[in-house]
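Take a look at the structure below.
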Amino acid sequence: MKQTLQPGLRSRSRIRVDEQRVTRHMGEDLGVYATPDLLRDIERTCRNLLQEHLDEGEDSVGPRVDLQHLAATLEGMEVTLDARVTGVDHRAVTFEVTARDDYDDLARCTHTRFVVDKDKLKERLEAKAARAKSDR
């Protein structure tokens with residue numbers, strides 16, 4: 001990680017709630033921004049902010065999320081996601097994220113991402129795949 005990764009860093013992204021982000025489980029006329037898609041957009045916003053401050057060969061995974069989805073957002077609306085780094089503890093980076101559409105506070109989220117060495121992660125995944133294959 002670079003020395004530039006410090007609490008206080010901020011990022012903002014704008015998302016249009018398109019058809020792929022909408023759940024219609026309550027009926028066609030009640031389609032709203034689905035919570036799993038909101039979470040994916042939050043994770044991407046945080047990861048993108050973090051990527052700017054990582055060294056070659058590093059990336060991040062998101063092991064912890066505390067998400068409050070507070071309001072419904074209709075298909076076609078724009079959502080603004082504001083992410084702020086609130087803590088850096090070795091390889092753990094914590095973010096506070098708010099989401100808002102044009103009318104409501106949509107969500108509040110605390111998200112932790114863990115910085116990983118991609119080569120080491122690949123080794124661990126290959127070892128796990130080998131164990132899984134031998135168990136079959």
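Every chain in the structure tokens takes a letter, A first, then B, and so on in the order presented; its residues are numbered from 1, and the ligands are numbered from 1 following the presented order.
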Do a neighbour search on Leu121 (chain A) at 12 Å with only C-alpha atoms, toss out local chain neighbours closer than 5 positions, and write the hits as a PDB file with N, CA and C atoms, in the first residue's frame.
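What landed in selection32.pdb:
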```
ATOM      1  N   GLY A  57       0.429  -5.378  -7.978  1.00  0.00           N
ATOM      2  CA  GLY A  57       0.242  -6.725  -7.449  1.00  0.00           C
ATOM      3  C   GLY A  57      -0.716  -6.808  -6.272  1.00  0.00           C
ATOM      4  N   GLU A  58      -1.257  -5.679  -5.852  1.00  0.00           N
ATOM      5  CA  GLU A  58      -2.227  -5.670  -4.751  1.00  0.00           C
ATOM      6  C   GLU A  58      -3.629  -5.427  -5.281  1.00  0.00           C
ATOM      7  N   ASP A  59      -4.587  -5.933  -4.556  1.00  0.00           N
ATOM      8  CA  ASP A  59      -6.001  -5.661  -4.810  1.00  0.00           C
ATOM      9  C   ASP A  59      -6.694  -5.754  -3.459  1.00  0.00           C
ATOM     10  N   SER A  60      -8.002  -5.814  -3.451  1.00  0.00           N
ATOM     11  CA  SER A  60      -8.699  -5.885  -2.161  1.00  0.00           C
ATOM     12  C   SER A  60      -9.929  -6.766  -2.262  1.00  0.00           C
ATOM     13  N   VAL A  61     -10.307  -7.283  -1.105  1.00  0.00           N
ATOM     14  CA  VAL A  61     -11.542  -8.052  -0.952  1.00  0.00           C
ATOM     15  C   VAL A  61     -12.370  -7.373   0.132  1.00  0.00           C
ATOM     16  N   PHE A 114     -10.036  -5.524   2.699  1.00  0.00           N
ATOM     17  CA  PHE A 114      -8.744  -6.026   3.133  1.00  0.00           C
ATOM     18  C   PHE A 114      -7.828  -6.096   1.928  1.00  0.00           C
ATOM     19  N   VAL A 115      -6.677  -5.461   2.023  1.00  0.00           N
ATOM     20  CA  VAL A 115      -5.716  -5.434   0.926  1.00  0.00           C
ATOM     21  C   VAL A 115      -4.994  -6.780   0.873  1.00  0.00           C
ATOM     22  N   VAL A 116      -4.963  -7.359  -0.338  1.00  0.00           N
ATOM     23  CA  VAL A 116      -4.320  -8.662  -0.526  1.00  0.00           C
ATOM     24  C   VAL A 116      -3.242  -8.574  -1.597  1.00  0.00           C
ATOM     25  N   GLU A 126      -5.324 -21.856  -5.285  1.00  0.00           N
ATOM     26  CA  GLU A 126      -4.906 -23.077  -5.976  1.00  0.00           C
ATOM     27  C   GLU A 126      -4.773 -24.242  -4.998  1.00  0.00           C
ATOM     28  N   ALA A 127      -4.237 -23.993  -3.815  1.00  0.00           N
ATOM     29  CA  ALA A 127      -4.108 -25.046  -2.798  1.00  0.00           C
ATOM     30  C   ALA A 127      -5.490 -25.529  -2.352  1.00  0.00           C
ATOM     31  N   LYS A 128      -6.413 -24.615  -2.194  1.00  0.00           N
ATOM     32  CA  LYS A 128      -7.772 -24.991  -1.790  1.00  0.00           C
ATOM     33  C   LYS A 128      -8.455 -25.794  -2.899  1.00  0.00           C
TER      34      LYS A 128
END
```
- Enumerate as an NGL selection string all residues of chain A assigned to strand (DSSP E or B) by DSSP on the backbone, naming them with the chain letters and numbers the document uses. :A and (10-16 or 22-23 or 32-33 or 58-69 or 74 or 78-89 or 92-100 or 105-117)
- Excluding region 96-102 of chain A and residues on its chain fewer than 6 positions from it, collect all residues at most 10 Å away from it, counting only C-alpha atoms, and give them as a PyMOL selection string. chain A and resi 10-17+38+42-43+45-46+66-74+77-87+108-112
Which of chain A counts as helix (DSSP H, G or I) under DSSP, as a PDB file with N, CA and C atoms, in the first residue's frame please?
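See out-v4.pdb below for the written result:
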```pdb
ATOM      1  N   GLU A  19     -32.268  -1.286 -15.582  1.00  0.00           N
ATOM      2  CA  GLU A  19     -33.110  -2.483 -15.468  1.00  0.00           C
ATOM      3  C   GLU A  19     -32.408  -3.622 -14.741  1.00  0.00           C
ATOM      4  N   GLN A  20     -31.086  -3.767 -14.935  1.00  0.00           N
ATOM      5  CA  GLN A  20     -30.343  -4.858 -14.305  1.00  0.00           C
ATOM      6  C   GLN A  20     -30.217  -4.682 -12.795  1.00  0.00           C
ATOM      7  N   ARG A  21     -30.398  -3.465 -12.288  1.00  0.00           N
ATOM      8  CA  ARG A  21     -30.264  -3.203 -10.857  1.00  0.00           C
ATOM      9  C   ARG A  21     -31.612  -3.242 -10.125  1.00  0.00           C
ATOM     10  N   GLU A  28     -44.393  -6.089 -11.366  1.00  0.00           N
ATOM     11  CA  GLU A  28     -43.773  -5.260 -12.404  1.00  0.00           C
ATOM     12  C   GLU A  28     -43.867  -3.768 -12.098  1.00  0.00           C
ATOM     13  N   ASP A  29     -44.940  -3.331 -11.495  1.00  0.00           N
ATOM     14  CA  ASP A  29     -45.127  -1.906 -11.234  1.00  0.00           C
ATOM     15  C   ASP A  29     -44.475  -1.461  -9.916  1.00  0.00           C
ATOM     16  N   LEU A  30     -43.802  -2.377  -9.224  1.00  0.00           N
ATOM     17  CA  LEU A  30     -43.150  -2.045  -7.959  1.00  0.00           C
ATOM     18  C   LEU A  30     -41.640  -2.313  -8.014  1.00  0.00           C
ATOM     19  N   THR A  35     -31.282  -4.356  -3.141  1.00  0.00           N
ATOM     20  CA  THR A  35     -30.234  -4.239  -2.132  1.00  0.00           C
ATOM     21  C   THR A  35     -28.925  -4.913  -2.561  1.00  0.00           C
ATOM     22  N   PRO A  36     -28.937  -6.131  -3.132  1.00  0.00           N
ATOM     23  CA  PRO A  36     -27.654  -6.711  -3.554  1.00  0.00           C
ATOM     24  C   PRO A  36     -26.929  -5.868  -4.607  1.00  0.00           C
ATOM     25  N   ASP A  37     -27.677  -5.204  -5.459  1.00  0.00           N
ATOM     26  CA  ASP A  37     -27.053  -4.350  -6.473  1.00  0.00           C
ATOM     27  C   ASP A  37     -26.526  -3.056  -5.859  1.00  0.00           C
ATOM     28  N   LEU A  38     -27.253  -2.511  -4.895  1.00  0.00           N
ATOM     29  CA  LEU A  38     -26.758  -1.357  -4.150  1.00  0.00           C
ATOM     30  C   LEU A  38     -25.445  -1.718  -3.466  1.00  0.00           C
ATOM     31  N   LEU A  39     -25.407  -2.872  -2.828  1.00  0.00           N
ATOM     32  CA  LEU A  39     -24.185  -3.309  -2.156  1.00  0.00           C
ATOM     33  C   LEU A  39     -23.039  -3.463  -3.148  1.00  0.00           C
ATOM     34  N   ARG A  40     -23.313  -4.068  -4.297  1.00  0.00           N
ATOM     35  CA  ARG A  40     -22.263  -4.217  -5.316  1.00  0.00           C
ATOM     36  C   ARG A  40     -21.730  -2.844  -5.743  1.00  0.00           C
ATOM     37  N   ASP A  41     -22.623  -1.869  -5.916  1.00  0.00           N
ATOM     38  CA  ASP A  41     -22.189  -0.533  -6.322  1.00  0.00           C
ATOM     39  C   ASP A  41     -21.366   0.142  -5.225  1.00  0.00           C
ATOM     40  N   ILE A  42     -21.735  -0.076  -3.972  1.00  0.00           N
ATOM     41  CA  ILE A  42     -20.955   0.456  -2.849  1.00  0.00           C
ATOM     42  C   ILE A  42     -19.569  -0.170  -2.837  1.00  0.00           C
ATOM     43  N   GLU A  43     -19.518  -1.495  -2.981  1.00  0.00           N
ATOM     44  CA  GLU A  43     -18.218  -2.176  -2.983  1.00  0.00           C
ATOM     45  C   GLU A  43     -17.336  -1.678  -4.121  1.00  0.00           C
ATOM     46  N   ARG A  44     -17.899  -1.502  -5.292  1.00  0.00           N
ATOM     47  CA  ARG A  44     -17.113  -1.011  -6.435  1.00  0.00           C
ATOM     48  C   ARG A  44     -16.583   0.394  -6.186  1.00  0.00           C
ATOM     49  N   THR A  45     -17.416   1.248  -5.608  1.00  0.00           N
ATOM     50  CA  THR A  45     -16.988   2.615  -5.319  1.00  0.00           C
ATOM     51  C   THR A  45     -15.810   2.612  -4.348  1.00  0.00           C
ATOM     52  N   CYS A  46     -15.903   1.796  -3.298  1.00  0.00           N
ATOM     53  CA  CYS A  46     -14.815   1.714  -2.319  1.00  0.00           C
ATOM     54  C   CYS A  46     -13.567   1.095  -2.936  1.00  0.00           C
ATOM     55  N   ARG A  47     -13.739   0.028  -3.695  1.00  0.00           N
ATOM     56  CA  ARG A  47     -12.583  -0.620  -4.324  1.00  0.00           C
ATOM     57  C   ARG A  47     -11.878   0.340  -5.278  1.00  0.00           C
ATOM     58  N   ASN A  48     -12.655   1.063  -6.079  1.00  0.00           N
ATOM     59  CA  ASN A  48     -12.057   2.006  -7.025  1.00  0.00           C
ATOM     60  C   ASN A  48     -11.246   3.083  -6.305  1.00  0.00           C
ATOM     61  N   LEU A  49     -11.759   3.575  -5.194  1.00  0.00           N
ATOM     62  CA  LEU A  49     -11.020   4.565  -4.410  1.00  0.00           C
ATOM     63  C   LEU A  49      -9.719   3.944  -3.883  1.00  0.00           C
ATOM     64  N   LEU A  50      -9.822   2.751  -3.365  1.00  0.00           N
ATOM     65  CA  LEU A  50      -8.665   2.069  -2.796  1.00  0.00           C
ATOM     66  C   LEU A  50      -7.610   1.756  -3.849  1.00  0.00           C
ATOM     67  N   GLN A  51      -8.022   1.359  -5.036  1.00  0.00           N
ATOM     68  CA  GLN A  51      -7.089   0.967  -6.109  1.00  0.00           C
ATOM     69  C   GLN A  51      -6.056   2.050  -6.396  1.00  0.00           C
ATOM     70  N   LYS A 118      -2.027 -10.321  -4.695  1.00  0.00           N
ATOM     71  CA  LYS A 118      -2.709 -11.211  -5.644  1.00  0.00           C
ATOM     72  C   LYS A 118      -1.966 -12.523  -5.858  1.00  0.00           C
ATOM     73  N   ASP A 119      -0.647 -12.509  -5.871  1.00  0.00           N
ATOM     74  CA  ASP A 119       0.102 -13.756  -6.057  1.00  0.00           C
ATOM     75  C   ASP A 119      -0.106 -14.704  -4.881  1.00  0.00           C
ATOM     76  N   LYS A 120      -0.064 -14.177  -3.659  1.00  0.00           N
ATOM     77  CA  LYS A 120      -0.291 -15.014  -2.480  1.00  0.00           C
ATOM     78  C   LYS A 120      -1.725 -15.548  -2.458  1.00  0.00           C
ATOM     79  N   LEU A 121      -2.670 -14.709  -2.835  1.00  0.00           N
ATOM     80  CA  LEU A 121      -4.064 -15.148  -2.887  1.00  0.00           C
ATOM     81  C   LEU A 121      -4.228 -16.271  -3.909  1.00  0.00           C
ATOM     82  N   LYS A 122      -3.589 -16.111  -5.051  1.00  0.00           N
ATOM     83  CA  LYS A 122      -3.666 -17.148  -6.077  1.00  0.00           C
ATOM     84  C   LYS A 122      -3.125 -18.467  -5.554  1.00  0.00           C
ATOM     85  N   GLU A 123      -2.012 -18.437  -4.841  1.00  0.00           N
ATOM     86  CA  GLU A 123      -1.446 -19.660  -4.252  1.00  0.00           C
ATOM     87  C   GLU A 123      -2.431 -20.322  -3.293  1.00  0.00           C
ATOM     88  N   ARG A 124      -3.049 -19.520  -2.427  1.00  0.00           N
ATOM     89  CA  ARG A 124      -4.018 -20.075  -1.464  1.00  0.00           C
ATOM     90  C   ARG A 124      -5.219 -20.676  -2.169  1.00  0.00           C
ATOM     91  N   LEU A 125      -5.692 -20.017  -3.210  1.00  0.00           N
ATOM     92  CA  LEU A 125      -6.857 -20.530  -3.946  1.00  0.00           C
ATOM     93  C   LEU A 125      -6.513 -21.812  -4.696  1.00  0.00           C
ATOM     94  N   GLU A 126      -5.324 -21.856  -5.285  1.00  0.00           N
ATOM     95  CA  GLU A 126      -4.906 -23.077  -5.976  1.00  0.00           C
ATOM     96  C   GLU A 126      -4.773 -24.242  -4.998  1.00  0.00           C
ATOM     97  N   ALA A 127      -4.237 -23.993  -3.815  1.00  0.00           N
ATOM     98  CA  ALA A 127      -4.108 -25.046  -2.798  1.00  0.00           C
ATOM     99  C   ALA A 127      -5.490 -25.529  -2.352  1.00  0.00           C
ATOM    100  N   LYS A 128      -6.413 -24.615  -2.194  1.00  0.00           N
ATOM    101  CA  LYS A 128      -7.772 -24.991  -1.790  1.00  0.00           C
ATOM    102  C   LYS A 128      -8.455 -25.794  -2.899  1.00  0.00           C
ATOM    103  N   ALA A 129      -8.272 -25.363  -4.133  1.00  0.00           N
ATOM    104  CA  ALA A 129      -8.867 -26.110  -5.261  1.00  0.00           C
ATOM    105  C   ALA A 129      -8.294 -27.519  -5.329  1.00  0.00           C
ATOM    106  N   ALA A 130      -6.993 -27.667  -5.069  1.00  0.00           N
ATOM    107  CA  ALA A 130      -6.375 -28.997  -5.081  1.00  0.00           C
ATOM    108  C   ALA A 130      -6.959 -29.864  -3.965  1.00  0.00           C
ATOM    109  N   ARG A 131      -7.137 -29.295  -2.784  1.00  0.00           N
ATOM    110  CA  ARG A 131      -7.758 -30.048  -1.678  1.00  0.00           C
ATOM    111  C   ARG A 131      -9.165 -30.461  -2.039  1.00  0.00           C
ATOM    112  N   ALA A 132      -9.926 -29.553  -2.630  1.00  0.00           N
ATOM    113  CA  ALA A 132     -11.320 -29.846  -3.003  1.00  0.00           C
ATOM    114  C   ALA A 132     -11.353 -30.959  -4.059  1.00  0.00           C
ATOM    115  N   LYS A 133     -10.431 -30.901  -4.998  1.00  0.00           N
ATOM    116  CA  LYS A 133     -10.385 -31.920  -6.053  1.00  0.00           C
ATOM    117  C   LYS A 133     -10.053 -33.288  -5.462  1.00  0.00           C
ATOM    118  N   SER A 134      -9.139 -33.321  -4.509  1.00  0.00           N
ATOM    119  CA  SER A 134      -8.758 -34.613  -3.911  1.00  0.00           C
ATOM    120  C   SER A 134      -9.864 -35.173  -3.026  1.00  0.00           C
ATOM    121  N   ASP A 135     -10.768 -34.340  -2.539  1.00  0.00           N
ATOM    122  CA  ASP A 135     -11.872 -34.789  -1.690  1.00  0.00           C
ATOM    123  C   ASP A 135     -13.027 -35.381  -2.497  1.00  0.00           C
TER     124      ASP A 135
END
```
